[in-house]
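Enquirer: Please find final-v8.tsv (TSV, C-alpha atoms) on the next line:
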```
chain	number	residue	atom	x	y	z
A	133	MET	CA	105.45	125.46	94.66
A	134	HIS	CA	103.35	124.28	97.57
A	135	PHE	CA	103.44	121.31	99.96
A	136	HIS	CA	101.10	118.48	100.93
A	137	GLY	CA	101.25	116.66	104.26
A	138	TYR	CA	100.51	112.96	104.70
A	139	GLN	CA	100.20	110.88	107.85
A	140	TRP	CA	99.73	107.16	108.30
A	141	VAL	CA	99.53	105.13	111.48
A	142	GLY	CA	99.24	101.40	111.13
A	143	ASP	CA	100.72	97.98	111.62
A	144	LYS	CA	104.43	97.91	110.78
A	145	ALA	CA	103.84	94.57	109.04
A	146	ASP	CA	101.63	96.40	106.49
A	147	PHE	CA	104.29	99.09	106.08
A	148	ASP	CA	106.80	96.34	105.29
A	149	LYS	CA	104.66	94.83	102.50
A	150	GLU	CA	106.29	96.16	99.37
A	151	ARG	CA	103.32	95.18	97.20
A	152	LEU	CA	101.13	97.66	99.13
A	153	ARG	CA	103.68	100.43	98.70
A	154	ARG	CA	104.53	100.09	95.01
A	155	PRO	CA	102.24	101.68	92.38
A	156	PRO	CA	101.04	99.63	89.43
A	157	SER	CA	103.37	99.46	86.47
A	158	LEU	CA	102.67	101.94	83.70
A	159	VAL	CA	103.00	99.01	81.29
A	160	GLU	CA	100.26	96.42	81.51
A	161	PRO	CA	101.37	92.80	81.42
A	162	THR	CA	100.64	90.85	78.27
A	163	VAL	CA	98.76	87.58	77.92
A	164	THR	CA	102.12	85.84	77.75
A	165	SER	CA	103.33	87.35	81.05
A	166	PRO	CA	103.95	84.90	83.90
A	167	PRO	CA	100.93	84.36	86.17
A	168	GLU	CA	102.68	86.00	89.14
A	169	VAL	CA	103.24	89.17	87.09
A	170	LEU	CA	99.58	89.25	86.09
A	171	GLU	CA	98.49	88.71	89.70
A	172	ARG	CA	100.85	91.41	91.02
A	173	TYR	CA	99.54	93.88	88.46
A	174	ARG	CA	95.89	93.10	89.33
A	175	GLU	CA	96.64	93.51	93.05
A	176	ALA	CA	98.45	96.80	92.51
A	177	VAL	CA	95.64	98.23	90.38
A	178	ALA	CA	93.06	97.22	93.00
A	179	GLU	CA	95.01	98.14	96.17
A	180	TRP	CA	97.04	101.23	95.25
A	181	PRO	CA	94.11	103.67	95.03
A	182	VAL	CA	92.52	102.57	98.31
A	183	THR	CA	95.41	101.94	100.67
A	184	GLY	CA	96.84	104.73	102.79
A	185	VAL	CA	100.09	102.83	103.38
A	186	PRO	CA	102.99	105.15	102.44
A	187	PRO	CA	104.49	104.57	99.00
A	188	LEU	CA	108.07	103.40	98.63
A	189	GLU	CA	109.06	106.71	97.04
A	190	THR	CA	107.81	109.76	98.92
A	191	ALA	CA	106.89	111.64	95.73
A	192	TYR	CA	104.41	108.89	94.83
A	193	TRP	CA	102.06	110.27	97.48
A	194	LEU	CA	101.10	112.71	94.70
A	195	ILE	CA	99.47	109.92	92.69
A	196	LYS	CA	97.51	108.61	95.67
A	197	PRO	CA	93.93	109.82	96.16
A	198	ALA	CA	93.72	113.48	97.27
A	199	LYS	CA	91.57	112.40	100.25
A	200	LEU	CA	94.79	111.17	101.90
A	201	ILE	CA	96.23	114.71	102.08
A	202	ARG	CA	96.21	115.97	105.68
A	203	GLY	CA	97.13	119.54	104.84
A	204	THR	CA	98.36	121.84	102.09
A	205	TRP	CA	100.64	124.84	102.59
A	206	ASP	CA	102.26	127.43	100.39
A	207	HIS	CA	105.15	128.05	102.80
A	208	PRO	CA	107.73	125.42	103.83
A	209	LYS	CA	107.77	126.70	107.43
A	210	ARG	CA	104.01	126.04	107.80
A	211	ALA	CA	104.42	122.54	106.38
A	212	ALA	CA	107.35	121.88	108.73
A	213	ASP	CA	105.31	123.17	111.68
A	214	TRP	CA	102.55	120.68	110.83
A	215	ALA	CA	105.03	117.80	110.80
A	216	VAL	CA	106.58	118.88	114.10
A	217	ASP	CA	103.11	119.30	115.65
A	218	ARG	CA	102.36	115.68	114.67
A	219	LEU	CA	105.63	114.52	116.29
A	220	VAL	CA	104.79	116.45	119.46
A	221	GLU	CA	101.29	114.96	119.43
A	222	TYR	CA	102.71	111.42	119.22
A	223	ALA	CA	105.80	112.03	121.41
A	224	PRO	CA	104.34	110.29	124.48
A	225	ARG	CA	103.96	107.13	122.37
A	226	LEU	CA	107.35	107.38	120.65
A	227	ALA	CA	110.07	105.57	122.54
A	228	SER	CA	112.75	107.62	120.78
A	229	LEU	CA	111.08	110.95	121.58
A	230	ALA	CA	109.41	110.18	124.90
A	231	ASP	CA	111.75	112.46	126.84
A	232	ARG	CA	111.54	115.36	124.38
A	233	ASN	CA	109.23	118.35	124.44
A	234	ARG	CA	108.29	120.80	121.70
A	235	ALA	CA	111.32	123.00	122.30
A	236	ARG	CA	113.62	120.03	121.75
A	237	CYS	CA	111.83	119.24	118.47
A	238	GLU	CA	112.69	122.64	117.00
A	239	TRP	CA	115.81	121.19	115.40
A	240	MET	CA	113.48	118.93	113.42
A	241	ALA	CA	111.44	121.96	112.31
A	242	ARG	CA	114.59	123.69	111.07
A	243	TYR	CA	115.74	120.57	109.23
A	244	ILE	CA	112.35	119.99	107.59
A	245	THR	CA	112.01	123.66	106.60
A	246	HIS	CA	115.50	123.73	105.10
A	247	THR	CA	114.81	120.52	103.16
A	248	LEU	CA	111.48	121.80	101.84
A	249	VAL	CA	112.93	125.20	100.86
A	250	ASP	CA	115.40	123.23	98.76
A	251	GLY	CA	112.43	121.59	97.00
A	252	GLN	CA	113.00	118.16	98.47
A	253	ASP	CA	110.42	115.90	100.11
A	254	VAL	CA	110.59	114.89	103.77
A	255	SER	CA	109.56	111.52	105.15
A	256	VAL	CA	110.01	110.27	108.71
A	257	GLY	CA	108.80	107.18	110.51
A	258	TYR	CA	108.74	106.04	114.13
A	259	TYR	CA	107.53	103.04	116.04
A	260	LEU	CA	104.70	103.75	118.41
A	261	ALA	CA	103.69	100.91	120.72
A	262	ARG	CA	104.71	97.92	118.62
A	263	PRO	CA	103.46	96.85	116.19
A	264	GLN	CA	102.09	100.34	115.42
A	265	PHE	CA	104.14	102.63	113.19
A	266	LEU	CA	103.82	106.37	112.44
A	267	SER	CA	104.80	107.69	109.03
A	268	LEU	CA	104.79	111.42	108.20
A	269	ALA	CA	105.61	112.95	104.84
A	270	VAL	CA	105.62	116.44	103.40
A	271	VAL	CA	105.77	116.43	99.61
A	272	ALA	CA	106.69	119.36	97.40
A	273	CYS	CA	104.20	119.87	94.60
A	274	SER	CA	104.02	121.78	91.32
A	275	PRO	CA	106.62	120.64	90.51
A	276	ASN	CA	108.06	117.86	92.61
A	277	ARG	CA	111.84	117.83	92.42
A	278	ALA	CA	112.19	114.04	92.37
A	279	LEU	CA	109.39	113.33	89.88
A	280	ALA	CA	108.51	116.56	88.06
A	281	GLU	CA	106.12	114.76	85.73
A	282	LEU	CA	103.69	114.04	88.58
A	283	HIS	CA	100.68	116.32	88.65
A	284	CYS	CA	99.24	117.94	91.76
A	285	PRO	CA	96.36	115.93	93.25
A	286	VAL	CA	94.48	119.16	94.19
A	287	ARG	CA	94.17	122.67	92.84
A	288	ASP	CA	96.98	125.10	93.70
A	289	SER	CA	94.41	127.52	95.14
A	290	GLU	CA	93.80	125.19	98.10
A	291	ALA	CA	97.22	125.95	99.62
A	292	ARG	CA	97.18	127.76	102.97
```
What would the structure in this file look like if it were written as structure tokens?
Expert:
Amino acid sequence: MHFHGYQWVGDKADFDKERLRRPPSLVEPTVTSPPEVLERYREAVAEWPVTGVPPLETAYWLIKPAKLIRGTWDHPKRAADWAVDRLVEYAPRLASLADRNRARCEWMARYITHTLVDGQDVSVGYYLARPQFLSLAVVACSPNRALAELHCPVRDSEAR
């Protein structure tokens, strides 16, 4: 098992658009499907591969383009350190963390590490200066506990 890190910063209004965050259905609509179903499917097929907006289910990062991966690690502690480093980097812009320093974020590192060791994904999000929003995710890969049928978007040998 290894882990991929994902980061997105963008307008919270985009984050709240479910259509941007839901992958296309595995079943194509038929010619008798309602027009709104056909339109939704066309939008999902066109937008899903190109948008970096976080998916509704964290494991679905694995079916996004590999270019969105910010890092790959073979140890949960290294993946957790990356996530905490991102929180420290953005702390001055995070209202909820503005008074915290790296030492006070260590509890987050322990929580993330413990969660990843258990094979679970981690996803956190914070408002920056509104309307900006920060989303971080670390996803377990090969296999993913939530969706084991998902394949790794990169070769296992790229883990650090």
Enquirer: Check which residues of region 186-229 of chain A sit at most 8 Å from region 266-271 of chain A using all atoms listed in the file, and return one row each with the closest pair of atoms and their distance in Å to one decimal, ordered by chain and rising number, as CSV.
Expert:
```
residue,atom,partner,partner_atom,distance
A:Pro186,CA,A:Ser267,CA,7.3
A:Thr190,CA,A:Val271,CA,7.0
A:Ala191,CA,A:Val271,CA,6.3
A:Trp193,CA,A:Val271,CA,7.5
A:Leu194,CA,A:Val271,CA,7.7
A:Ala211,CA,A:Val270,CA,6.9
A:Ala212,CA,A:Val270,CA,7.8
A:Ala215,CA,A:Leu268,CA,6.9
```
Enquirer: Mind giving me the straight-line distance from CA of Met133 (chain A) to CA of Val216 (chain A) in Å, one decimal?
Expert: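 Distance reported for this atom pair: 20.6 Å.
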Enquirer: Which residue, A:Tyr259, A:Phe265, A:Tyr173, A:Tyr222, has the smallest gap to Arg151 (chain A) when you use all atoms listed in the file?
Expert: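 With all atoms listed in the file as the atom set, the closest residue is A:Tyr173.
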Enquirer: Restricting the calculation to all atoms listed in the file, which member of A:Lys199, A:Arg218, A:Arg277, A:Lys144 is positioned closest to Val182 (chain A)?
Expert: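 Ranking A:Lys199, A:Arg218, A:Arg277, A:Lys144 by distance to Val182 (chain A), first place goes to A:Lys199.
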Enquirer: Show me, as an MDAnalysis selection string, the residues that have an atom within 10 Å of Arg210 (chain A) when counting only C-alpha atoms, minus same-chain residues fewer than 6 positions from it.
Expert: chainID A and resid 135 203:204 216 241 245 292
Enquirer: Work out how far apart CA of Leu248 (chain A) and CA of Ala198 (chain A) are and give it in Å to one decimal.
Expert: 20.1 Å
Enquirer: Between A:His136, A:Val169, A:Ala178, A:Phe147, single out the one closest to Val286 (chain A), counting all atoms listed in the file.
Expert: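 For Val286 (chain A), the nearest of the given residues is A:His136.
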Enquirer: Would you list the contacts of region 158-161 of chain A as number ranges by chain, taking every protein, DNA or RNA residue within 12 Å and counting only C-alpha atoms, but skipping same-chain residues closer than 5 positions in sequence?
Expert: A: 166-174, 176-177
Enquirer: Measuring atom to atom with only C-alpha atoms, identify which of A:Pro197, A:Gly184, A:Gly251, A:Pro155 is nearest to Ser274 (chain A).
Expert: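 Ranked by minimum distance to Ser274 (chain A), first place goes to A:Gly251.
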Enquirer: Could you work out how far CA of Thr164 (chain A) lies from CA of Pro181 (chain A), giving the answer in Å with one decimal?
Expert: 26.1 Å
Enquirer: Rank A:Val249, A:Ser255, A:Pro156, A:Met240 by their smallest atom-to-atom distance to Asp206 (chain A), using all atoms listed in the file, and report the top residue only.
Expert: A:Val249
Enquirer: Could I see region 148-159 of chain A restored to all heavy atoms, set down as a PDB file, keeping the file's coordinate frame?
Expert:
```pdb
ATOM      1  N   ASP A 148     105.715  97.147 105.861  1.00  0.00           N
ATOM      2  CA  ASP A 148     106.800  96.340 105.290  1.00  0.00           C
ATOM      3  C   ASP A 148     106.389  95.551 104.048  1.00  0.00           C
ATOM      4  O   ASP A 148     107.246  94.944 103.414  1.00  0.00           O
ATOM      5  CB  ASP A 148     107.345  95.384 106.349  1.00  0.00           C
ATOM      6  CG  ASP A 148     108.083  96.108 107.458  1.00  0.00           C
ATOM      7  OD1 ASP A 148     108.506  97.271 107.249  1.00  0.00           O
ATOM      8  OD2 ASP A 148     108.241  95.529 108.546  1.00  0.00           O
ATOM      9  N   LYS A 149     105.119  95.560 103.688  1.00  0.00           N
ATOM     10  CA  LYS A 149     104.660  94.830 102.500  1.00  0.00           C
ATOM     11  C   LYS A 149     104.895  95.698 101.259  1.00  0.00           C
ATOM     12  O   LYS A 149     104.145  96.628 100.973  1.00  0.00           O
ATOM     13  CB  LYS A 149     103.178  94.481 102.613  1.00  0.00           C
ATOM     14  CG  LYS A 149     102.891  93.445 103.667  1.00  0.00           C
ATOM     15  CD  LYS A 149     101.404  93.181 103.755  1.00  0.00           C
ATOM     16  CE  LYS A 149     101.122  92.233 104.904  1.00  0.00           C
ATOM     17  NZ  LYS A 149      99.676  92.132 105.176  1.00  0.00           N
ATOM     18  N   GLU A 150     105.924  95.367 100.540  1.00  0.00           N
ATOM     19  CA  GLU A 150     106.290  96.160  99.370  1.00  0.00           C
ATOM     20  C   GLU A 150     105.156  96.240  98.356  1.00  0.00           C
ATOM     21  O   GLU A 150     104.940  97.280  97.724  1.00  0.00           O
ATOM     22  CB  GLU A 150     107.536  95.569  98.715  1.00  0.00           C
ATOM     23  CG  GLU A 150     108.054  96.395  97.578  1.00  0.00           C
ATOM     24  CD  GLU A 150     109.347  95.874  97.012  1.00  0.00           C
ATOM     25  OE1 GLU A 150     110.214  95.428  97.776  1.00  0.00           O
ATOM     26  OE2 GLU A 150     109.480  95.925  95.778  1.00  0.00           O
ATOM     27  N   ARG A 151     104.388  95.190  98.204  1.00  0.00           N
ATOM     28  CA  ARG A 151     103.320  95.180  97.200  1.00  0.00           C
ATOM     29  C   ARG A 151     102.267  96.253  97.499  1.00  0.00           C
ATOM     30  O   ARG A 151     101.639  96.761  96.593  1.00  0.00           O
ATOM     31  CB  ARG A 151     102.676  93.807  97.091  1.00  0.00           C
ATOM     32  CG  ARG A 151     101.910  93.377  98.303  1.00  0.00           C
ATOM     33  CD  ARG A 151     101.267  91.999  98.091  1.00  0.00           C
ATOM     34  NE  ARG A 151     100.607  91.544  99.289  1.00  0.00           N
ATOM     35  CZ  ARG A 151      99.438  91.978  99.720  1.00  0.00           C
ATOM     36  NH1 ARG A 151      98.791  92.899  99.049  1.00  0.00           N
ATOM     37  NH2 ARG A 151      98.907  91.516 100.826  1.00  0.00           N
ATOM     38  N   LEU A 152     102.082  96.604  98.779  1.00  0.00           N
ATOM     39  CA  LEU A 152     101.130  97.660  99.130  1.00  0.00           C
ATOM     40  C   LEU A 152     101.695  99.055  98.871  1.00  0.00           C
ATOM     41  O   LEU A 152     100.955 100.022  98.779  1.00  0.00           O
ATOM     42  CB  LEU A 152     100.735  97.559 100.601  1.00  0.00           C
ATOM     43  CG  LEU A 152      99.956  96.333 101.046  1.00  0.00           C
ATOM     44  CD1 LEU A 152      99.732  96.372 102.554  1.00  0.00           C
ATOM     45  CD2 LEU A 152      98.635  96.251 100.308  1.00  0.00           C
ATOM     46  N   ARG A 153     103.012  99.132  98.769  1.00  0.00           N
ATOM     47  CA  ARG A 153     103.680 100.430  98.700  1.00  0.00           C
ATOM     48  C   ARG A 153     104.204 100.782  97.303  1.00  0.00           C
ATOM     49  O   ARG A 153     104.730 101.854  97.095  1.00  0.00           O
ATOM     50  CB  ARG A 153     104.826 100.441  99.704  1.00  0.00           C
ATOM     51  CG  ARG A 153     104.314 100.221 101.131  1.00  0.00           C
ATOM     52  CD  ARG A 153     105.408 100.281 102.157  1.00  0.00           C
ATOM     53  NE  ARG A 153     105.977 101.609 102.154  1.00  0.00           N
ATOM     54  CZ  ARG A 153     107.222 101.873 102.542  1.00  0.00           C
ATOM     55  NH1 ARG A 153     108.002 100.916 102.972  1.00  0.00           N
ATOM     56  NH2 ARG A 153     107.681 103.106 102.518  1.00  0.00           N
ATOM     57  N   ARG A 154     104.039  99.856  96.363  1.00  0.00           N
ATOM     58  CA  ARG A 154     104.530 100.090  95.010  1.00  0.00           C
ATOM     59  C   ARG A 154     103.343 100.319  94.076  1.00  0.00           C
ATOM     60  O   ARG A 154     102.422  99.517  94.037  1.00  0.00           O
ATOM     61  CB  ARG A 154     105.331  98.872  94.548  1.00  0.00           C
ATOM     62  CG  ARG A 154     106.001  99.045  93.208  1.00  0.00           C
ATOM     63  CD  ARG A 154     106.833  97.841  92.827  1.00  0.00           C
ATOM     64  NE  ARG A 154     107.894  97.529  93.747  1.00  0.00           N
ATOM     65  CZ  ARG A 154     109.050  98.199  93.856  1.00  0.00           C
ATOM     66  NH1 ARG A 154     109.267  99.244  93.090  1.00  0.00           N
ATOM     67  NH2 ARG A 154     109.966  97.828  94.720  1.00  0.00           N
ATOM     68  N   PRO A 155     103.361 101.418  93.298  1.00  0.00           N
ATOM     69  CA  PRO A 155     102.240 101.680  92.380  1.00  0.00           C
ATOM     70  C   PRO A 155     102.234 100.659  91.242  1.00  0.00           C
ATOM     71  O   PRO A 155     103.244 100.025  90.956  1.00  0.00           O
ATOM     72  CB  PRO A 155     102.537 103.081  91.854  1.00  0.00           C
ATOM     73  CG  PRO A 155     104.002 103.246  92.004  1.00  0.00           C
ATOM     74  CD  PRO A 155     104.402 102.435  93.213  1.00  0.00           C
ATOM     75  N   PRO A 156     101.089 100.539  90.575  1.00  0.00           N
ATOM     76  CA  PRO A 156     101.040  99.630  89.430  1.00  0.00           C
ATOM     77  C   PRO A 156     101.994 100.090  88.337  1.00  0.00           C
ATOM     78  O   PRO A 156     102.235 101.282  88.174  1.00  0.00           O
ATOM     79  CB  PRO A 156      99.596  99.723  88.941  1.00  0.00           C
ATOM     80  CG  PRO A 156      98.872 100.612  89.867  1.00  0.00           C
ATOM     81  CD  PRO A 156      99.835 101.207  90.818  1.00  0.00           C
ATOM     82  N   SER A 157     102.497  99.145  87.602  1.00  0.00           N
ATOM     83  CA  SER A 157     103.370  99.460  86.470  1.00  0.00           C
ATOM     84  C   SER A 157     102.599 100.275  85.451  1.00  0.00           C
ATOM     85  O   SER A 157     101.391 100.100  85.269  1.00  0.00           O
ATOM     86  CB  SER A 157     103.862  98.155  85.834  1.00  0.00           C
ATOM     87  OG  SER A 157     104.550  98.439  84.639  1.00  0.00           O
ATOM     88  N   LEU A 158     103.290 101.159  84.771  1.00  0.00           N
ATOM     89  CA  LEU A 158     102.670 101.940  83.700  1.00  0.00           C
ATOM     90  C   LEU A 158     102.435 101.078  82.456  1.00  0.00           C
ATOM     91  O   LEU A 158     101.677 101.436  81.570  1.00  0.00           O
ATOM     92  CB  LEU A 158     103.527 103.146  83.357  1.00  0.00           C
ATOM     93  CG  LEU A 158     103.704 104.170  84.481  1.00  0.00           C
ATOM     94  CD1 LEU A 158     104.643 105.272  84.050  1.00  0.00           C
ATOM     95  CD2 LEU A 158     102.363 104.731  84.906  1.00  0.00           C
ATOM     96  N   VAL A 159     103.130  99.937  82.418  1.00  0.00           N
ATOM     97  CA  VAL A 159     103.000  99.010  81.290  1.00  0.00           C
ATOM     98  C   VAL A 159     102.213  97.796  81.765  1.00  0.00           C
ATOM     99  O   VAL A 159     102.628  97.096  82.696  1.00  0.00           O
ATOM    100  CB  VAL A 159     104.391  98.575  80.774  1.00  0.00           C
ATOM    101  CG1 VAL A 159     104.256  97.590  79.630  1.00  0.00           C
ATOM    102  CG2 VAL A 159     105.206  99.791  80.365  1.00  0.00           C
TER     103      VAL A 159
END
```
